[in-house]
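Peer 1: Submitted below is the structure of interest, expressed as structure tokens.
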Amino acid sequence: MKCRDFGSILRAFADLLDVAGAPLARDQIVMFAAVFDAHPASSVSDLAKRIAALRVPESTGSPSLGDVARLLTALKSFLDKTAKSTVLTDVTAIEKLLRDRASMELGAFVRMATEAASPRPAARGRDAPGVRDDLVVHYKEKLEAALGDEEKFTAVYNDLRANPAMGKPEITALAKEMTGSGARTRDAALKKIWNRHQSLVVFKAKSRATGGRSAA
């Protein structure tokens with residue numbers, strides 16, 4: 001399985017955790033998914049091998065990789081009867097990778113895996129404008145926290161669109177962070193961000209409709 005597809009599964013799992021009222025678990029999975037978003041074209045098995053070969057820094061803390069491993073165990077149980085064997089194999093491989101480093105702090109692992117598991121890109125020219133990573137992180141945190149809440153998400157989304165500092169590089173980087181796929185234009189990137197929110201709104205609406213009465 002490609003990492004982009006695995007990342008999509010993790011984000012869907014995060015949305016389910018959000019609906020289930022488990023925001024801390026949701027945030028852990030969203031953070032962990034960034035590892036796979038950084039290597040979209042790689043296979044999960046190849047990425048796992050590259051990460052396994054890295055020197056692990058001494059970094060303990062909470063949330064830990066052991067916490068995420070336990071969530072992946074729950075995900076595997078949920079997918080056991082419906083997912084393809086290749087999906088379950090990849091989940092198992094990643095779960096083992098995390099259990100082998102159970103005490104490592106999640107944030108430190110994500111930084112190590114996204115930065116050191118693949119070659120660094122060529123340096124930009126001195127005059128080339130860089131992406132405002134601080135703004136991307138700021139809006140990602142705000143949008144992720146408001147996913148599924150029409151009023152809150154719309155307010156953050158409108159502020160994002162109106163902010164002149166959020167140019168095409170920042171918007172497209174934000175869309176990739178939140179959805180795992182890039183976009184060629186600013187409008188396309190904004191649409192991807194909005195669609196992720198809308199998909200969760202629809203899911204919540206269906207959950208409420210089926211939870212309150214019989215489907216018959």
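Simple scheme: letters A, B, ... for chains in structure tokens order, numbers from 1 for residues in each chain, numbers from 1 for ligands in the order shown.
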Please report, as a tab-separated table, each residue of range 142-181 of chain A lying at most 12 Å from range 7-17 of chain A, together with the nearest pair of atoms and the separation in Å rounded to one decimal; use only C-alpha atoms, and order rows by chain and ascending residue number.
Peer 2:
residue	atom	partner	partner_atom	distance
A:Glu144	CA	A:Asp15	CA	10.0
A:Ala145	CA	A:Asp15	CA	11.2
A:Ala146	CA	A:Asp15	CA	11.7
A:Leu147	CA	A:Asp15	CA	8.7
A:Gly148	CA	A:Asp15	CA	9.0
A:Lys176	CA	A:Gly7	CA	11.1
A:Glu177	CA	A:Gly7	CA	10.4
A:Met178	CA	A:Arg11	CA	8.6
A:Thr179	CA	A:Ser8	CA	7.4
A:Gly180	CA	A:Gly7	CA	6.7
A:Ser181	CA	A:Ser8	CA	9.5
Peer 1: May I have the residues from that selection written out with C-alpha atoms, as a CSV table (one decimal), in the first residue's frame?
Peer 2:
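Result file selection.csv:
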chain,number,residue,atom,x,y,z
A,144,GLU,CA,-8.3,20.4,12.9
A,145,ALA,CA,-9.7,21.5,16.3
A,146,ALA,CA,-12.9,22.9,14.5
A,147,LEU,CA,-13.5,19.9,12.1
A,148,GLY,CA,-17.2,19.0,12.1
A,176,LYS,CA,-1.3,18.6,1.9
A,177,GLU,CA,-0.9,18.5,5.7
A,178,MET,CA,-4.6,18.1,6.2
A,179,THR,CA,-5.6,15.8,3.3
A,180,GLY,CA,-2.4,14.1,2.3
A,181,SER,CA,-2.6,15.2,-1.4
Peer 1: So that I can check the surroundings of range 70-73 of chain A, please list as a ChimeraX atom specification every protein, DNA and RNA residue that reaches within 9 Å of it, counting only C-alpha atoms and ignoring chain neighbours fewer than 2 positions away.
Peer 2: /A:25,29,65-68,75-78,91-92,94-95,99
Peer 1: My list of candidates is A:Ala93, A:Val202, A:Ala83, A:Ile171. Which is closest to Leu190 in chain A when distances are computed with only C-alpha atoms?
Peer 2: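 That would be A:Ile171, the residue with the smallest distance to Leu190 in chain A.
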Peer 1: I want to know what sits within 8 Å of Val136 in chain A, based on only C-alpha atoms, with residues of the same chain fewer than 6 positions away left out; could you give that as a list in words?
Peer 2: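 So, after excluding close chain neighbours, the residues are Glu170, Ile171, Ala173 and Leu174 of chain A.
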Peer 1: Between A:Arg161, A:Arg4, A:Lys192, A:Lys140, which has the minimum distance to Asp37 in chain A (counting only C-alpha atoms)?
Peer 2: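 Of the candidates, the smallest distance to Asp37 in chain A is held by A:Arg4.
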Peer 1: Applying 7 Å and only C-alpha atoms, which residues near range 100-108 of chain A remain after dropping the ones on its own chain fewer than 5 positions away? List them as a ChimeraX atom specification.
Peer 2: /A:59-66
Peer 1: How would the residues just picked look written out with N, CA and C atoms as a CSV table (one decimal), in the first residue's frame?
Peer 2:
chain,number,residue,atom,x,y,z
A,59,SER,N,14.6,9.9,23.5
A,59,SER,CA,13.5,10.9,23.7
A,59,SER,C,12.3,10.2,24.2
A,60,THR,N,12.0,10.4,25.5
A,60,THR,CA,10.8,9.8,26.1
A,60,THR,C,9.8,10.9,26.4
A,61,GLY,N,8.6,10.5,26.5
A,61,GLY,CA,7.6,11.5,26.8
A,61,GLY,C,6.2,11.0,26.4
A,62,SER,N,5.3,11.9,26.6
A,62,SER,CA,3.9,11.6,26.4
A,62,SER,C,3.3,12.7,25.5
A,63,PRO,N,2.4,12.3,24.5
A,63,PRO,CA,2.1,10.9,24.1
A,63,PRO,C,3.3,10.1,23.6
A,64,SER,N,3.3,8.8,23.7
A,64,SER,CA,4.4,8.0,23.3
A,64,SER,C,4.0,7.1,22.1
A,65,LEU,N,5.0,6.5,21.5
A,65,LEU,CA,4.7,5.6,20.4
A,65,LEU,C,3.9,4.4,20.9
A,66,GLY,N,4.1,4.0,22.2
A,66,GLY,CA,3.3,3.0,22.7
A,66,GLY,C,1.8,3.3,22.8
Peer 1: With only C-alpha atoms as the basis for distance, which of A:Asp5, A:Asp159, A:Leu98, A:Thr185 is at the shortest distance from His138 in chain A?
Peer 2: A:Asp159
Peer 1: Taking the chain letters and numbering used in this document, name the residues of chain A that DSSP puts in alpha helix (DSSP H), as an MDAnalysis selection string.
Peer 2: chainID A and resid 3:19 23:37 44:52 65:79 85:99 106:116 133:146 150:162 168:179 186:212
